[in-house]
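Participant: Contents of model20.csv (CSV, N, CA and C atoms) are below:
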chain,number,residue,atom,x,y,z
A,2,MET,N,11.5,24.9,16.7
A,2,MET,CA,10.4,24.4,15.9
A,2,MET,C,9.8,23.2,16.6
A,3,ASN,N,8.5,23.2,16.8
A,3,ASN,CA,7.8,22.1,17.4
A,3,ASN,C,7.4,21.0,16.4
A,4,HIS,N,7.8,19.8,16.6
A,4,HIS,CA,7.5,18.7,15.7
A,4,HIS,C,6.6,17.7,16.3
A,5,ASP,N,5.7,18.1,17.2
A,5,ASP,CA,4.7,17.1,17.8
A,5,ASP,C,3.8,16.6,16.7
A,6,ILE,N,3.7,15.3,16.7
A,6,ILE,CA,2.8,14.6,15.7
A,6,ILE,C,1.6,14.0,16.4
A,7,SER,N,0.5,14.4,15.9
A,7,SER,CA,-0.7,13.8,16.5
A,7,SER,C,-1.4,12.9,15.4
A,8,LEU,N,-1.4,11.7,15.6
A,8,LEU,CA,-2.0,10.7,14.6
A,8,LEU,C,-3.5,10.6,14.8
A,9,LEU,N,-4.2,10.8,13.8
A,9,LEU,CA,-5.7,10.6,13.8
A,9,LEU,C,-6.0,9.1,13.9
A,10,PRO,N,-7.1,8.8,14.5
A,10,PRO,CA,-7.6,7.4,14.4
A,10,PRO,C,-7.9,7.1,12.9
A,11,LEU,N,-7.7,5.9,12.5
A,11,LEU,CA,-7.9,5.6,11.1
A,11,LEU,C,-9.3,5.9,10.5
A,12,PRO,N,-10.4,5.7,11.2
A,12,PRO,CA,-11.6,6.1,10.6
A,12,PRO,C,-11.7,7.6,10.3
A,13,VAL,N,-11.2,8.4,11.2
A,13,VAL,CA,-11.2,9.9,11.1
A,13,VAL,C,-10.3,10.3,9.9
A,14,LEU,N,-9.1,9.7,9.9
A,14,LEU,CA,-8.2,9.9,8.8
A,14,LEU,C,-8.8,9.6,7.4
A,15,ARG,N,-9.5,8.5,7.3
A,15,ARG,CA,-10.1,8.1,6.1
A,15,ARG,C,-11.2,9.1,5.7
A,16,GLU,N,-12.0,9.5,6.7
A,16,GLU,CA,-13.1,10.5,6.4
A,16,GLU,C,-12.6,11.8,6.0
A,17,LYS,N,-11.6,12.3,6.7
A,17,LYS,CA,-11.0,13.6,6.4
A,17,LYS,C,-10.3,13.6,5.0
A,18,GLY,N,-9.5,12.5,4.8
A,18,GLY,CA,-8.8,12.4,3.6
A,18,GLY,C,-9.7,12.3,2.4
A,19,PHE,N,-10.8,11.6,2.5
A,19,PHE,CA,-11.8,11.5,1.4
A,19,PHE,C,-12.4,12.8,1.1
A,20,ALA,N,-12.8,13.6,2.2
A,20,ALA,CA,-13.4,14.9,2.1
A,20,ALA,C,-12.5,15.8,1.3
A,21,ILE,N,-11.2,15.8,1.6
A,21,ILE,CA,-10.2,16.6,0.9
A,21,ILE,C,-10.1,16.3,-0.5
A,22,LEU,N,-10.1,15.0,-0.8
A,22,LEU,CA,-10.0,14.5,-2.2
A,22,LEU,C,-11.3,15.0,-3.0
A,23,VAL,N,-12.4,14.9,-2.4
A,23,VAL,CA,-13.7,15.3,-3.0
A,23,VAL,C,-13.6,16.8,-3.2
A,24,ARG,N,-13.2,17.6,-2.2
A,24,ARG,CA,-13.2,19.0,-2.3
A,24,ARG,C,-12.2,19.5,-3.4
A,25,GLU,N,-11.0,18.8,-3.5
A,25,GLU,CA,-10.0,19.3,-4.5
A,25,GLU,C,-10.2,18.7,-5.9
A,26,LEU,N,-10.7,17.5,-6.0
A,26,LEU,CA,-10.8,16.8,-7.3
A,26,LEU,C,-12.3,16.6,-7.8
A,27,GLY,N,-13.2,16.8,-6.9
A,27,GLY,CA,-14.6,16.5,-7.3
A,27,GLY,C,-14.9,15.0,-7.0
A,28,PRO,N,-16.2,14.6,-6.9
A,28,PRO,CA,-16.5,13.3,-6.5
A,28,PRO,C,-16.0,12.2,-7.5
A,29,ALA,N,-16.2,12.5,-8.8
A,29,ALA,CA,-15.8,11.4,-9.8
A,29,ALA,C,-14.3,11.2,-9.8
A,30,ASN,N,-13.5,12.3,-9.8
A,30,ASN,CA,-12.1,12.2,-9.9
A,30,ASN,C,-11.5,11.7,-8.5
A,31,ALA,N,-12.2,12.0,-7.4
A,31,ALA,CA,-11.7,11.4,-6.1
A,31,ALA,C,-11.8,9.9,-6.2
A,32,LEU,N,-13.0,9.4,-6.7
A,32,LEU,CA,-13.1,7.9,-6.8
A,32,LEU,C,-12.1,7.3,-7.8
A,33,ARG,N,-11.9,8.0,-8.9
A,33,ARG,CA,-10.9,7.5,-9.9
A,33,ARG,C,-9.6,7.4,-9.2
A,34,PHE,N,-9.2,8.4,-8.4
A,34,PHE,CA,-7.9,8.4,-7.8
A,34,PHE,C,-7.8,7.2,-6.8
A,35,LEU,N,-8.8,7.0,-6.0
A,35,LEU,CA,-8.8,5.9,-5.1
A,35,LEU,C,-8.7,4.6,-5.8
A,36,HIS,N,-9.2,4.4,-6.9
A,36,HIS,CA,-9.1,3.2,-7.7
A,36,HIS,C,-7.7,2.9,-8.2
A,37,LEU,N,-6.9,3.9,-8.2
A,37,LEU,CA,-5.5,3.7,-8.6
A,37,LEU,C,-4.7,2.9,-7.6
A,38,TYR,N,-5.2,3.0,-6.3
A,38,TYR,CA,-4.4,2.4,-5.2
A,38,TYR,C,-5.2,1.2,-4.5
A,39,GLN,N,-5.7,0.4,-5.3
A,39,GLN,CA,-6.4,-0.8,-4.7
A,39,GLN,C,-5.4,-1.9,-4.4
A,40,THR,N,-5.7,-2.7,-3.4
A,40,THR,CA,-4.8,-3.8,-3.0
A,40,THR,C,-4.6,-4.7,-4.2
A,41,GLY,N,-3.4,-5.1,-4.4
A,41,GLY,CA,-3.1,-6.0,-5.5
A,41,GLY,C,-3.4,-7.4,-5.1
A,42,THR,N,-3.1,-8.3,-6.0
A,42,THR,CA,-3.4,-9.7,-5.8
A,42,THR,C,-2.1,-10.5,-5.8
A,43,GLY,N,-2.1,-11.7,-5.4
A,43,GLY,CA,-1.0,-12.6,-5.5
A,43,GLY,C,-0.2,-12.6,-4.2
A,44,ASN,N,0.9,-13.4,-4.2
A,44,ASN,CA,1.8,-13.6,-3.0
A,44,ASN,C,3.2,-13.1,-3.4
A,45,TYR,N,3.5,-11.9,-3.0
A,45,TYR,CA,4.8,-11.3,-3.4
A,45,TYR,C,6.0,-12.3,-3.1
A,46,THR,N,6.0,-12.9,-1.9
A,46,THR,CA,7.1,-13.7,-1.5
A,46,THR,C,7.3,-14.9,-2.4
A,47,THR,N,6.2,-15.5,-2.8
A,47,THR,CA,6.2,-16.7,-3.7
A,47,THR,C,6.7,-16.2,-5.1
A,48,GLU,N,6.1,-15.1,-5.5
A,48,GLU,CA,6.4,-14.6,-6.9
A,48,GLU,C,7.9,-14.1,-6.9
A,49,ARG,N,8.3,-13.5,-5.9
A,49,ARG,CA,9.7,-13.1,-5.8
A,49,ARG,C,10.7,-14.2,-6.0
A,50,GLU,N,10.4,-15.3,-5.3
A,50,GLU,CA,11.2,-16.5,-5.4
A,50,GLU,C,11.2,-17.0,-6.9
A,51,GLN,N,10.1,-16.9,-7.6
A,51,GLN,CA,10.1,-17.3,-9.0
A,51,GLN,C,10.9,-16.4,-9.8
A,52,TRP,N,10.9,-15.1,-9.5
A,52,TRP,CA,11.7,-14.2,-10.3
A,52,TRP,C,13.2,-14.3,-10.1
A,53,LEU,N,13.6,-14.4,-8.8
A,53,LEU,CA,15.0,-14.4,-8.4
A,53,LEU,C,15.6,-15.8,-8.2
A,54,GLY,N,14.7,-16.8,-8.1
A,54,GLY,CA,15.3,-18.1,-7.8
A,54,GLY,C,16.1,-18.2,-6.6
A,55,SER,N,17.3,-18.8,-6.8
A,55,SER,CA,18.2,-18.9,-5.6
A,55,SER,C,19.4,-17.9,-5.7
A,56,LEU,N,19.2,-16.8,-6.3
A,56,LEU,CA,20.3,-15.8,-6.4
A,56,LEU,C,20.6,-15.3,-5.0
A,57,THR,N,21.9,-15.2,-4.7
A,57,THR,CA,22.4,-14.6,-3.5
A,57,THR,C,22.5,-13.1,-3.6
A,58,LEU,N,22.5,-12.4,-2.4
A,58,LEU,CA,22.7,-11.0,-2.5
A,58,LEU,C,24.0,-10.6,-3.2
A,59,GLU,N,25.0,-11.4,-3.0
A,59,GLU,CA,26.3,-11.2,-3.7
A,59,GLU,C,26.2,-11.2,-5.2
A,60,GLU,N,25.4,-12.2,-5.7
A,60,GLU,CA,25.1,-12.3,-7.2
A,60,GLU,C,24.3,-11.1,-7.7
A,61,ILE,N,23.3,-10.7,-6.9
A,61,ILE,CA,22.5,-9.6,-7.3
A,61,ILE,C,23.4,-8.3,-7.4
A,62,ASP,N,24.2,-8.1,-6.3
A,62,ASP,CA,25.1,-7.0,-6.3
A,62,ASP,C,26.1,-7.0,-7.4
A,63,ALA,N,26.6,-8.1,-7.8
A,63,ALA,CA,27.6,-8.2,-8.9
A,63,ALA,C,26.9,-7.9,-10.2
A,64,GLU,N,25.7,-8.3,-10.4
A,64,GLU,CA,24.9,-8.0,-11.6
A,64,GLU,C,24.6,-6.5,-11.7
A,65,ILE,N,24.3,-5.9,-10.6
A,65,ILE,CA,24.0,-4.4,-10.6
A,65,ILE,C,25.3,-3.7,-11.0
A,66,LYS,N,26.4,-4.1,-10.4
A,66,LYS,CA,27.7,-3.4,-10.7
A,66,LYS,C,28.0,-3.6,-12.2
A,67,HIS,N,27.8,-4.8,-12.7
A,67,HIS,CA,28.1,-5.1,-14.1
A,67,HIS,C,27.2,-4.2,-15.0
A,68,LEU,N,25.9,-4.1,-14.7
A,68,LEU,CA,25.0,-3.2,-15.5
A,68,LEU,C,25.4,-1.8,-15.4
A,69,LYS,N,25.9,-1.3,-14.3
A,69,LYS,CA,26.3,0.1,-14.1
A,69,LYS,C,27.6,0.3,-15.0
A,70,LEU,N,28.5,-0.6,-15.0
A,70,LEU,CA,29.7,-0.4,-15.8
A,70,LEU,C,29.4,-0.4,-17.3
A,71,LYS,N,28.4,-1.2,-17.7
A,71,LYS,CA,28.0,-1.1,-19.1
A,71,LYS,C,27.2,0.1,-19.4
A,72,GLY,N,26.7,0.8,-18.4
A,72,GLY,CA,25.9,2.0,-18.6
A,72,GLY,C,24.4,1.7,-18.9
A,73,ASP,N,24.0,0.5,-18.5
A,73,ASP,CA,22.6,0.1,-18.7
A,73,ASP,C,21.7,0.6,-17.6
A,74,ILE,N,22.3,0.9,-16.5
A,74,ILE,CA,21.5,1.6,-15.4
A,74,ILE,C,22.3,2.7,-14.8
Can you turn what I pasted into structure tokens?
Facilitator:
Amino acid sequence: MNHDISLLPLPVLREKGFAILVRELGPANALRFLHLYQTGTGNYTTEREQWLGSLTLEEIDAEIKHLKLKGDI
């Protein structure tokens, strides 16, 4: 089995991808689909620090194990 991968240039990929969406979904639903995947806002690294604070990987791992034992995850 041949697994050669030929990557399209991004402008070509964008054009072909949009044409497929329009063909399969219609123009209005193609646009609605694209709006589902817009770039978000904010700074993930800064926000992550606010969520996790100074937790170490060991602390996070221990909490996950604890939640698994309780059946919460």
Participant: Which of chain A counts as alpha helix (DSSP H) under DSSP, as a PyMOL selection string please?
Facilitator: chain A and resi 11-26+28-36+45-53+58-71
Participant: Record the distance separating CA of Phe19 (chain A) and CA of Tyr38 (chain A), expressed in Å with one decimal.
Facilitator: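 Answer for the CA of Phe19 (chain A) to CA of Tyr38 (chain A) separation: 13.5 Å.
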Participant: For atom C of Asn30 (chain A) and atom C of Pro10 (chain A), determine how far apart the two atoms are, in Å to one decimal place.
Facilitator: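 Atom-to-atom, atom C of Asn30 (chain A) to atom C of Pro10 (chain A), that is 22.2 Å.
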Participant: Can you measure CA of Leu22 (chain A) to CA of Phe34 (chain A) for me? One decimal in Å is fine.
Facilitator: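 Separation of CA of Leu22 (chain A) and CA of Phe34 (chain A): 8.5 Å.
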Participant: Please identify all polymer residues within 8 Å of Ile65 (chain A), counting all atoms listed in the file, omitting same-chain residues fewer than 6 positions from it, and present them as a list in words.
Facilitator: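 Once the nearby chain positions are removed, what remains is Glu59, Lys71 and Ile74 of chain A.
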